[in-house]
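Structure data (compact mmCIF, C-alpha atoms and all ligand atoms) from my_file33.txt:
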# COMPACT_ATOMS: atom_id res chain seq x y z
CA MET A 1364 -18.81 56.09 248.20
CA ASP A 1365 -16.33 58.88 249.01
CA ALA A 1366 -14.18 60.39 246.27
CA ALA A 1367 -10.89 58.71 247.34
CA LEU A 1368 -12.48 55.26 247.49
CA HIS A 1369 -14.20 55.86 244.18
CA GLU A 1370 -10.83 56.75 242.62
CA GLU A 1371 -9.23 53.61 244.02
CA VAL A 1372 -12.02 51.40 242.68
CA GLN A 1373 -11.64 53.07 239.29
CA ARG A 1374 -7.89 52.52 239.25
CA ASP A 1375 -8.28 48.82 240.07
CA ALA A 1376 -10.82 48.45 237.27
CA PHE A 1377 -8.45 50.29 234.90
CA ARG A 1378 -5.53 48.01 235.87
CA LEU A 1379 -7.64 44.91 235.31
CA ASP A 1380 -8.83 46.09 231.88
CA VAL A 1381 -5.29 47.03 230.82
CA LEU A 1382 -3.68 43.77 231.94
CA GLN A 1383 -6.49 41.76 230.37
CA GLY A 1384 -6.79 43.82 227.17
CA LEU A 1385 -3.08 43.84 226.38
CA GLY A 1386 -3.01 40.06 226.78
CA LEU A 1387 -5.56 39.48 223.97
CA PRO A 1388 -4.50 38.35 220.48
CA GLN A 1389 -5.89 41.68 219.15
CA LYS A 1390 -4.74 43.96 221.96
CA SER A 1391 -7.55 46.26 222.97
CA LEU A 1392 -8.49 48.75 225.67
CA PRO A 1393 -12.06 49.79 226.53
CA SER A 1394 -12.59 53.27 225.11
CA ARG A 1395 -14.00 54.65 228.35
CA TRP A 1396 -10.42 54.86 229.68
CA LEU A 1397 -9.63 57.51 227.06
CA TYR A 1398 -11.56 60.01 229.18
CA ASP A 1399 -9.43 61.08 232.13
CA ALA A 1400 -9.11 64.85 232.76
CA ARG A 1401 -6.57 65.23 229.93
CA GLY A 1402 -8.62 63.00 227.62
CA CYS A 1403 -11.77 65.06 228.28
CA GLU A 1404 -9.85 68.24 227.54
CA LEU A 1405 -8.56 66.80 224.25
CA PHE A 1406 -12.01 65.50 223.34
CA GLU A 1407 -13.43 69.00 223.88
CA ARG A 1408 -10.84 70.26 221.37
CA ILE A 1409 -11.80 67.52 218.91
CA THR A 1410 -15.40 68.71 218.96
CA THR A 1411 -14.30 72.10 217.60
CA LEU A 1412 -12.08 70.75 214.77
CA PRO A 1413 -13.10 71.50 211.19
CA GLU A 1414 -12.96 67.78 210.27
CA TYR A 1415 -15.08 66.65 213.24
CA TYR A 1416 -18.58 67.36 211.88
CA PRO A 1417 -20.73 65.40 214.45
CA THR A 1418 -20.83 67.97 217.27
CA ARG A 1419 -21.63 71.03 215.20
CA THR A 1420 -24.10 69.10 213.03
CA GLU A 1421 -26.00 67.68 216.00
CA THR A 1422 -25.95 71.05 217.78
CA ALA A 1423 -27.43 72.72 214.71
CA ILE A 1424 -30.16 70.04 214.52
CA LEU A 1425 -31.05 70.52 218.20
CA ARG A 1426 -31.08 74.30 217.81
CA LYS A 1427 -33.25 74.22 214.70
CA HIS A 1428 -35.77 71.78 216.13
CA ALA A 1429 -35.63 72.78 219.80
CA ALA A 1430 -39.32 73.74 219.97
CA GLU A 1431 -40.44 70.42 218.44
CA ILE A 1432 -38.09 68.48 220.68
CA ALA A 1433 -39.57 70.28 223.69
CA ARG A 1434 -43.10 69.37 222.53
CA PHE A 1435 -41.95 65.76 222.10
CA CYS A 1436 -40.74 65.79 225.75
CA GLY A 1437 -43.90 67.45 227.00
CA PRO A 1438 -44.42 70.02 229.78
CA GLY A 1439 -43.09 69.32 233.28
CA SER A 1440 -40.72 66.61 232.12
CA ASN A 1441 -37.54 65.33 233.77
CA LEU A 1442 -34.52 65.21 231.46
CA ILE A 1443 -32.07 62.44 232.36
CA GLU A 1444 -28.73 62.84 230.61
CA TYR A 1445 -26.44 59.82 230.38
CA GLY A 1446 -22.97 61.33 230.65
CA ALA A 1447 -22.82 64.75 232.26
CA GLY A 1448 -23.06 67.09 229.33
CA ALA A 1449 -23.96 70.58 230.44
CA GLY A 1450 -22.50 71.87 227.23
CA ILE A 1451 -24.38 73.71 224.58
CA LYS A 1452 -26.57 70.71 223.61
CA THR A 1453 -27.92 70.37 227.15
CA GLN A 1454 -28.51 74.13 227.33
CA ILE A 1455 -30.46 74.08 224.07
CA VAL A 1456 -32.75 71.25 225.16
CA VAL A 1457 -33.25 72.30 228.80
CA GLY A 1458 -33.71 75.92 227.68
CA ALA A 1459 -36.48 74.92 225.26
CA LEU A 1460 -38.42 72.65 227.67
CA GLU A 1461 -41.72 73.92 229.05
CA SER A 1462 -41.56 74.10 232.87
CA PRO A 1463 -39.02 71.27 233.25
CA ARG A 1464 -39.31 69.41 236.54
CA SER A 1465 -35.71 68.35 236.82
CA TYR A 1466 -32.40 67.77 235.06
CA VAL A 1467 -30.57 64.59 236.07
CA PRO A 1468 -26.98 64.29 234.82
CA ILE A 1469 -25.42 60.84 235.27
CA ASP A 1470 -21.67 60.37 235.21
CA ILE A 1471 -18.89 58.37 236.81
CA ALA A 1472 -16.51 61.37 236.93
CA VAL A 1473 -17.57 62.90 240.26
CA GLY A 1474 -15.74 66.23 239.85
CA PHE A 1475 -17.07 66.77 236.36
CA LEU A 1476 -20.59 65.84 237.50
CA GLU A 1477 -20.49 68.42 240.31
CA LEU A 1478 -19.29 71.13 237.93
CA THR A 1479 -22.07 70.21 235.52
CA ALA A 1480 -24.71 70.37 238.23
CA ALA A 1481 -23.44 73.74 239.51
CA ARG A 1482 -23.38 75.20 236.00
CA LEU A 1483 -26.92 74.08 235.24
CA ARG A 1484 -28.20 75.48 238.55
CA ARG A 1485 -26.60 78.82 237.65
CA GLN A 1486 -27.95 78.82 234.11
CA PHE A 1487 -31.49 77.75 235.00
CA ALA A 1488 -32.40 79.27 238.35
CA GLY A 1489 -35.08 77.21 240.09
CA LEU A 1490 -34.42 74.05 238.04
CA ARG A 1491 -34.12 70.96 240.25
CA VAL A 1492 -30.74 69.43 239.36
CA ILE A 1493 -30.13 65.93 240.72
CA PRO A 1494 -26.66 64.57 239.85
CA VAL A 1495 -26.31 60.78 239.94
CA ILE A 1496 -22.89 59.12 240.22
CA ALA A 1497 -22.97 55.98 238.12
CA ASP A 1498 -21.29 54.19 235.25
CA PHE A 1499 -24.09 54.33 232.71
CA THR A 1500 -22.60 51.43 230.73
CA ALA A 1501 -23.32 49.13 233.67
CA ASP A 1502 -26.57 48.29 235.41
CA PHE A 1503 -27.76 50.80 238.03
CA SER A 1504 -31.01 52.12 239.48
CA LEU A 1505 -32.09 55.74 239.62
CA PRO A 1506 -32.65 57.14 243.13
CA PRO A 1507 -36.37 57.29 244.04
CA ARG A 1508 -36.41 61.11 244.21
CA VAL A 1509 -35.54 61.24 240.51
CA LEU A 1510 -38.66 59.22 239.75
CA ASP A 1511 -41.18 61.04 241.93
CA GLY A 1512 -43.37 62.64 239.28
CA GLY A 1513 -43.62 63.94 235.74
CA ARG A 1514 -42.59 62.29 232.51
CA HIS A 1515 -39.00 61.05 232.21
CA VAL A 1516 -36.99 61.58 229.06
CA ALA A 1517 -33.55 60.02 228.55
CA PHE A 1518 -31.09 62.23 226.65
CA PHE A 1519 -28.04 60.62 225.05
CA PRO A 1520 -26.54 62.90 222.41
CA GLY A 1521 -23.19 62.76 220.62
CA SER A 1522 -23.60 59.30 219.06
CA THR A 1523 -21.88 57.94 222.16
CA LEU A 1524 -24.12 54.89 221.67
CA GLY A 1525 -21.83 54.09 218.73
CA ASN A 1526 -18.86 53.69 221.09
CA LEU A 1527 -20.56 50.73 222.78
CA SER A 1528 -20.47 47.22 221.34
CA PRO A 1529 -23.82 46.19 219.81
CA GLN A 1530 -24.46 43.99 222.84
CA GLU A 1531 -23.68 46.83 225.28
CA ALA A 1532 -25.76 49.26 223.21
CA GLY A 1533 -28.74 46.88 223.28
CA LEU A 1534 -28.50 46.47 227.05
CA PHE A 1535 -28.10 50.23 227.41
CA LEU A 1536 -31.30 50.91 225.43
CA GLN A 1537 -33.16 48.38 227.58
CA ARG A 1538 -31.83 50.05 230.73
CA LEU A 1539 -33.03 53.45 229.48
CA SER A 1540 -36.47 52.04 228.79
CA HIS A 1541 -36.59 50.59 232.29
CA HIS A 1542 -35.41 53.90 233.82
CA VAL A 1543 -37.97 56.14 232.11
CA GLY A 1544 -40.88 53.70 232.48
CA PRO A 1545 -43.80 53.02 230.12
CA GLN A 1546 -44.75 56.72 229.70
CA GLY A 1547 -41.16 57.79 229.13
CA ALA A 1548 -39.22 58.77 226.03
CA ALA A 1549 -35.66 59.11 224.78
CA ILE A 1550 -33.74 61.51 222.58
CA ILE A 1551 -30.69 59.82 221.09
CA GLY A 1552 -28.07 61.17 218.70
CA GLY A 1553 -26.67 58.86 216.03
CA ASP A 1554 -23.94 59.54 213.51
CA LEU A 1555 -24.95 58.34 210.03
CA HIS A 1556 -23.12 56.45 207.26
CA LYS A 1557 -21.28 58.66 204.81
CA ASP A 1558 -18.29 58.92 202.54
CA VAL A 1559 -15.41 57.00 204.13
CA ASP A 1560 -12.96 59.88 203.47
CA VAL A 1561 -15.14 62.26 205.46
CA LEU A 1562 -15.37 59.71 208.27
CA LEU A 1563 -11.66 59.00 208.41
CA ALA A 1564 -10.71 62.69 208.35
CA ALA A 1565 -12.99 63.24 211.37
CA TYR A 1566 -10.93 60.68 213.32
CA ASP A 1567 -7.49 61.65 211.99
CA ASP A 1568 -7.44 65.44 211.88
CA ALA A 1569 -4.68 67.49 210.31
CA ALA A 1570 -3.79 69.20 213.60
CA GLY A 1571 -3.16 65.82 215.25
CA ILE A 1572 -5.50 66.40 218.20
CA THR A 1573 -7.22 63.02 217.79
CA ALA A 1574 -3.78 61.39 217.70
CA GLN A 1575 -2.93 63.10 221.02
CA PHE A 1576 -6.30 62.02 222.43
CA ASN A 1577 -5.64 58.41 221.41
CA ARG A 1578 -2.03 58.32 222.70
CA ASN A 1579 -3.13 59.85 226.00
CA ILE A 1580 -4.40 56.42 227.05
CA LEU A 1581 -0.77 55.23 227.06
CA ALA A 1582 0.30 58.27 229.08
CA ARG A 1583 -2.56 57.47 231.47
CA ILE A 1584 -1.27 53.91 231.90
CA ASN A 1585 2.15 55.41 232.72
CA ARG A 1586 0.67 57.94 235.18
CA GLU A 1587 -1.75 55.69 236.98
CA LEU A 1588 -0.35 52.17 236.66
CA GLY A 1589 3.40 52.77 236.49
CA GLY A 1590 3.56 51.82 232.81
CA GLN A 1591 6.64 52.44 230.69
CA PHE A 1592 5.11 53.33 227.34
CA SER A 1593 6.80 55.88 225.10
CA PRO A 1594 3.56 57.24 223.61
CA CYS A 1595 5.47 58.71 220.66
CA GLN A 1596 6.53 55.14 219.79
CA PHE A 1597 2.92 54.43 218.81
CA ARG A 1598 1.24 55.71 215.68
CA HIS A 1599 -2.40 56.87 215.72
CA VAL A 1600 -4.42 55.01 213.08
CA ALA A 1601 -8.08 55.52 212.09
CA ARG A 1602 -9.62 52.70 210.01
CA TRP A 1603 -13.01 52.03 208.52
CA ASN A 1604 -14.27 48.55 209.43
CA PRO A 1605 -17.03 47.79 206.90
CA LEU A 1606 -18.19 44.64 208.70
CA GLU A 1607 -18.85 46.58 211.90
CA ALA A 1608 -19.82 49.82 210.09
CA ALA A 1609 -17.42 51.57 212.45
CA VAL A 1610 -14.44 53.86 212.41
CA GLU A 1611 -11.84 52.21 214.62
CA MET A 1612 -8.99 53.95 216.39
CA HIS A 1613 -5.80 51.97 216.92
CA LEU A 1614 -2.31 52.63 218.24
CA GLU A 1615 0.27 50.93 216.06
CA SER A 1616 3.76 49.98 217.14
CA PRO A 1617 6.19 50.86 214.32
CA ILE A 1618 8.90 48.65 215.90
CA ASP A 1619 9.26 45.43 217.88
CA GLN A 1620 9.22 46.46 221.52
CA VAL A 1621 8.44 45.25 225.04
CA VAL A 1622 6.64 47.60 227.45
CA GLY A 1623 6.59 47.08 231.21
CA ILE A 1624 3.46 47.75 233.28
CA GLY A 1625 3.65 47.15 237.02
CA GLY A 1626 6.25 44.38 236.74
CA LYS A 1627 4.70 42.63 233.70
CA GLY A 1628 6.12 42.86 230.17
CA PHE A 1629 3.94 43.17 227.05
CA GLY A 1630 5.53 42.43 223.68
CA PHE A 1631 4.56 44.32 220.52
CA ARG A 1632 5.57 43.18 217.07
CA ARG A 1633 6.22 45.78 214.38
CA GLY A 1634 2.84 46.81 212.91
CA GLU A 1635 0.85 45.32 215.80
CA THR A 1636 -1.95 47.54 217.11
CA ILE A 1637 -3.96 48.23 220.24
CA HIS A 1638 -7.62 48.81 219.37
CA THR A 1639 -8.75 51.74 221.53
CA GLU A 1640 -12.19 52.75 220.20
CA SER A 1641 -14.93 51.90 217.73
CA SER A 1642 -17.34 54.55 216.58
CA ARG A 1643 -20.28 52.87 214.89
CA LYS A 1644 -22.18 54.69 212.15
CA TYR A 1645 -25.87 54.11 211.54
CA GLU A 1646 -28.46 53.88 208.79
CA ILE A 1647 -31.72 55.48 209.91
CA ARG A 1648 -33.74 52.33 209.29
CA GLY A 1649 -31.09 50.09 210.87
CA PHE A 1650 -30.97 52.25 213.98
CA SER A 1651 -34.77 52.19 214.33
CA GLN A 1652 -34.85 48.41 213.92
CA PHE A 1653 -32.09 48.03 216.51
CA ALA A 1654 -33.96 50.34 218.92
CA ARG A 1655 -37.17 48.40 218.31
CA ARG A 1656 -35.48 45.13 219.28
CA HIS A 1657 -34.53 46.76 222.57
CA GLY A 1658 -37.85 48.22 223.60
CA TRP A 1659 -38.21 51.46 221.63
CA ARG A 1660 -40.26 52.82 218.73
CA THR A 1661 -38.98 55.74 216.64
CA LEU A 1662 -41.65 58.42 216.78
CA ARG A 1663 -39.66 61.42 215.52
CA LEU A 1664 -36.52 61.96 213.53
CA TRP A 1665 -34.60 65.19 213.20
CA THR A 1666 -31.69 65.41 210.80
CA ASP A 1667 -29.59 67.88 208.81
CA ALA A 1668 -29.95 68.63 205.08
CA ARG A 1669 -26.94 66.43 204.21
CA ARG A 1670 -28.17 63.59 206.42
CA ARG A 1671 -24.86 63.42 208.23
CA PHE A 1672 -26.34 63.02 211.70
CA ALA A 1673 -29.71 62.10 213.16
CA VAL A 1674 -31.49 62.79 216.42
CA PHE A 1675 -34.08 60.11 217.18
CA GLY A 1676 -37.17 60.72 219.30
CA LEU A 1677 -38.06 57.33 220.77
CA ILE A 1678 -41.01 56.15 222.85
C1 LIG B 1701 -17.60 60.41 222.26
N1 LIG B 1701 -17.71 59.80 220.94
C2 LIG B 1701 -19.07 59.89 220.45
C3 LIG B 1701 -16.69 60.25 219.98
C4 LIG B 1701 -16.91 59.58 218.59
O1 LIG B 1701 -17.01 60.31 217.62
O2 LIG B 1701 -17.02 58.37 218.55
C5 LIG B 1701 -15.31 59.95 220.49
C6 LIG B 1701 -14.21 60.30 219.55
N2 LIG B 1701 -13.14 59.59 219.34
C7 LIG B 1701 -12.34 60.21 218.50
N3 LIG B 1701 -12.93 61.31 218.10
C8 LIG B 1701 -14.08 61.40 218.77
As a first step, turn the structure in this file into structure tokens.
Ligand code: AVI
Amino acid sequence: MDAALHEEVQRDAFRLDVLQGLGLPQKSLPSRWLYDARGCELFERITTLPEYYPTRTETAILRKHAAEIARFCGPGSNLIEYGAGAGIKTQIVVGALESPRSYVPIDIAVGFLELTAARLRRQFAGLRVIPVIADFTADFSLPPRVLDGGRHVAFFPGSTLGNLSPQEAGLFLQRLSHHVGPQGAAIIGGDLHKDVDVLLAAYDDAAGITAQFNRNILARINRELGGQFSPCQFRHVARWNPLEAAVEMHLESPIDQVVGIGGKGFGFRRGETIHTESSRKYEIRGFSQFARRHGWRTLRLWTDARRRFAVFGLI
């Protein structure tokens, strides 16, 4: 699919999700639409905030245990990353691997994927880099040349699994197992349960970057779908949902208002919210049991001294 067609398909899918999601009794938008170019930029800033502990904690875990993680992957392995990372976490893992056969970043954002591939080729001369354009939350097959030898290890850091619904996460784990085959493995990051104040601060930082990130989805609706949101007329809210064990992000309307999107009007009552993201938090045992139900056994576990974050080595 060429880039223009890909963009058009994406926009149609976005429109459908917005029109459907804003028509629900609890208005909601799939969190993947938070990540346009501006959203990715804001997310990058979030990862450096003092309150947002997951990125630096996971990075420190990977750095500290890089040699063991490399042994877990084995020599000559193929690292398949779901979501084009190419940041420091990817560098740590790829850099530690013994004679890696290939690095396979998978992402729907074509431009970002190409940049990722180019960066990795520069950083690791001689490494076979095979970018795959796909939405990893949906079903897809890996091209045969990805699968032509060596052990395959799926890499999914960042606790992005926690942004999927339990049903999506289960299907995702099954897909990974299918992709890497019976001899394969997976390295998955999971954010752990902790003090609710620490959790909420991570999703409602003092500098207001997460609020900008959240409101950007409204600006994106305006840019791409001709929406008439005033993003500043929506308040960023982070909530702990104990039943789901998740921090939820919402956008709350402080007034009664009607917003037009492509000729349709959507009414908001004062205090009504749009749910934009859930970020599930895990117990180590609960995560392992969940993984087990979807085809995986936890063989290794790497964590930090405060047990804030865990990296699971699954087979
Ligand atoms: C990408 N994902 C793992 C982040 C998280 O922590 O759930 C997204 C995020 N949303 C707000 N802050 C960070």
Practice item. Have a look at atom CA of Asn1526 of chain A and atom C5 of ligand LIG 1701 (chain B) and let me know their distance in Å, one decimal. Key: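 Atom CA of Asn1526 of chain A sits 7.2 Å away from atom C5 of ligand LIG 1701 (chain B).
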Taking every listed atom of ligand LIG 1701 (chain B) and adding 5 Å to each side, what centre and edge lengths in Å (one decimal) does the axis-aligned box have, as lines of an AutoDock Vina configuration file?
center_x = -15.7
center_y = 59.9
center_z = 219.9
size_x = 16.7
size_y = 13.0
size_z = 14.6
Practice item. Name each residue within 8 Å of ligand LIG 1701 (chain B), counting all atoms listed in the file, as a ChimeraX atom specification. Key: /A:1406,1409-1410,1415,1417,1521-1526,1565-1566,1573,1576-1577,1612,1640-1643
Check your understanding: So which residues touch Leu1614 of chain A within 8 Å, counting all atoms listed in the file, skipping near sequence neighbours fewer than 6 positions away, as a count of residues only?
Key -> 10
**Study point:** Best match for closeness to Asp1502 of chain A among A:Arg1401, A:Arg1538, A:Arg1583, A:Arg1660, counting only C-alpha atoms
**Key:** A:Arg1538
Check your understanding: Counting only C-alpha atoms, which residues come within 12 Å of (-33.4, 48.0, 217.4), with the point read in the file's coordinates, and could you list them as a PyMOL selection string?
Key -> chain A and resi 1529-1530+1532-1537+1645-1661+1677
Would you output that residue set with C-alpha atoms, as a PDB file, in the coordinates of the input?
ATOM      1  CA  PRO A1529     -23.820  46.190 219.810  1.00  0.00           C
ATOM      2  CA  GLN A1530     -24.460  43.990 222.840  1.00  0.00           C
ATOM      3  CA  ALA A1532     -25.760  49.260 223.210  1.00  0.00           C
ATOM      4  CA  GLY A1533     -28.740  46.880 223.280  1.00  0.00           C
ATOM      5  CA  LEU A1534     -28.500  46.470 227.050  1.00  0.00           C
ATOM      6  CA  PHE A1535     -28.100  50.230 227.410  1.00  0.00           C
ATOM      7  CA  LEU A1536     -31.300  50.910 225.430  1.00  0.00           C
ATOM      8  CA  GLN A1537     -33.160  48.380 227.580  1.00  0.00           C
ATOM      9  CA  TYR A1645     -25.870  54.110 211.540  1.00  0.00           C
ATOM     10  CA  GLU A1646     -28.460  53.880 208.790  1.00  0.00           C
ATOM     11  CA  ILE A1647     -31.720  55.480 209.910  1.00  0.00           C
ATOM     12  CA  ARG A1648     -33.740  52.330 209.290  1.00  0.00           C
ATOM     13  CA  GLY A1649     -31.090  50.090 210.870  1.00  0.00           C
ATOM     14  CA  PHE A1650     -30.970  52.250 213.980  1.00  0.00           C
ATOM     15  CA  SER A1651     -34.770  52.190 214.330  1.00  0.00           C
ATOM     16  CA  GLN A1652     -34.850  48.410 213.920  1.00  0.00           C
ATOM     17  CA  PHE A1653     -32.090  48.030 216.510  1.00  0.00           C
ATOM     18  CA  ALA A1654     -33.960  50.340 218.920  1.00  0.00           C
ATOM     19  CA  ARG A1655     -37.170  48.400 218.310  1.00  0.00           C
ATOM     20  CA  ARG A1656     -35.480  45.130 219.280  1.00  0.00           C
ATOM     21  CA  HIS A1657     -34.530  46.760 222.570  1.00  0.00           C
ATOM     22  CA  GLY A1658     -37.850  48.220 223.600  1.00  0.00           C
ATOM     23  CA  TRP A1659     -38.210  51.460 221.630  1.00  0.00           C
ATOM     24  CA  ARG A1660     -40.260  52.820 218.730  1.00  0.00           C
ATOM     25  CA  THR A1661     -38.980  55.740 216.640  1.00  0.00           C
ATOM     26  CA  LEU A1677     -38.060  57.330 220.770  1.00  0.00           C
TER      27      LEU A1677
END
Exercise for review: One decimal, Å: what's the distance from atom CA of Gln1575 of chain A over to atom CA of Leu1588 of chain A, could you say?
Suggested key: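 Going from atom CA of Gln1575 of chain A over to atom CA of Leu1588 of chain A covers 19.3 Å.
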Practice item. Record the distance separating atom CA of Arg1374 of chain A and atom CA of His1542 of chain A, expressed in Å with one decimal. Key: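 Value for the atom CA of Arg1374 of chain A-atom CA of His1542 of chain A distance: 28.1 Å.
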Exercise for review: Identify the residues within 9 Å of coordinate (-24.2, 60.5, 212.8) (same frame as the file), considering all atoms listed in the file, and give the answer as a PyMOL selection string.
Suggested key: chain A and resi 1416-1417+1420-1421+1521-1522+1552-1557+1643-1646+1670-1674
Point to revise | Within 9 Å of Glu1444 of chain A using all atoms listed in the file, minus same-chain residues under 3 positions, as a list in words | key: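 Skipping anything fewer than 3 positions along the chain leaves Ala1447, Gly1448, Thr1453, Tyr1466, Val1467, Pro1468, Ile1469, Asp1470, Val1516, Ala1517, Phe1518, Phe1519 and Pro1520 of chain A.
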Review point. Neighbours of Ser1593 of chain A within 9 Å (only C-alpha atoms; same-chain residues fewer than 2 positions away dropped), as a PyMOL selection string?
Key: chain A and resi 1581-1582+1585+1591+1595-1597+1622
**Study point:** A:Gly1446, A:Gly1386, A:Gly1628, A:Pro1413 ranked by distance to Ala1564 of chain A, top pick (using all atoms listed in the file)
**Key:**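 Counting all atoms listed in the file, the residue closest to Ala1564 of chain A is A:Pro1413.
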Review point. Using only C-alpha atoms, which of the listed residues (A:Arg1586, A:Trp1396, A:Ser1462, A:Ala1366) sits closest to Asp1380 of chain A?
Key: A:Trp1396
Point to revise | Counting only C-alpha atoms, the residue of A:Phe1475, A:Gly1547, A:Ser1528, A:Asp1667 that sits nearest Tyr1398 of chain A | key: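 Looking at the shortest contact to Tyr1398 of chain A, the residue is A:Phe1475.
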Check your understanding: Hey, which of A:Gly1512, A:Gly1402, A:Gly1590, A:Pro1545 ends up closest to Asn1441 of chain A? Count all atoms listed in the file.
Key ->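 Checking each candidate against Asn1441 of chain A, we get A:Gly1512 as the closest.
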Practice item. Compare A:Phe1592, A:Phe1631, A:Trp1603, A:Phe1499 by their minimum atom-to-atom distance to Pro1388 of chain A, counting all atoms listed in the file, and give me the closest one. Key: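 When distances to Pro1388 of chain A are compared using all atoms listed in the file, the smallest one comes from A:Phe1631.
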Practice item. May I have the residues within 7 Å of Pro1438 of chain A as a PyMOL selection string, using all atoms listed in the file and disregarding those fewer than 4 positions away in the same chain? Key: chain A and resi 1460-1463
Please, could you write that set of residues out with C-alpha atoms as a JSON list (two decimals), in the frame of the given file?
[["chain", "number", "residue", "atom", "x", "y", "z"],
["A", 1460, "LEU", "CA", -38.42, 72.65, 227.67],
["A", 1461, "GLU", "CA", -41.72, 73.92, 229.05],
["A", 1462, "SER", "CA", -41.56, 74.10, 232.87],
["A", 1463, "PRO", "CA", -39.02, 71.27, 233.25]]
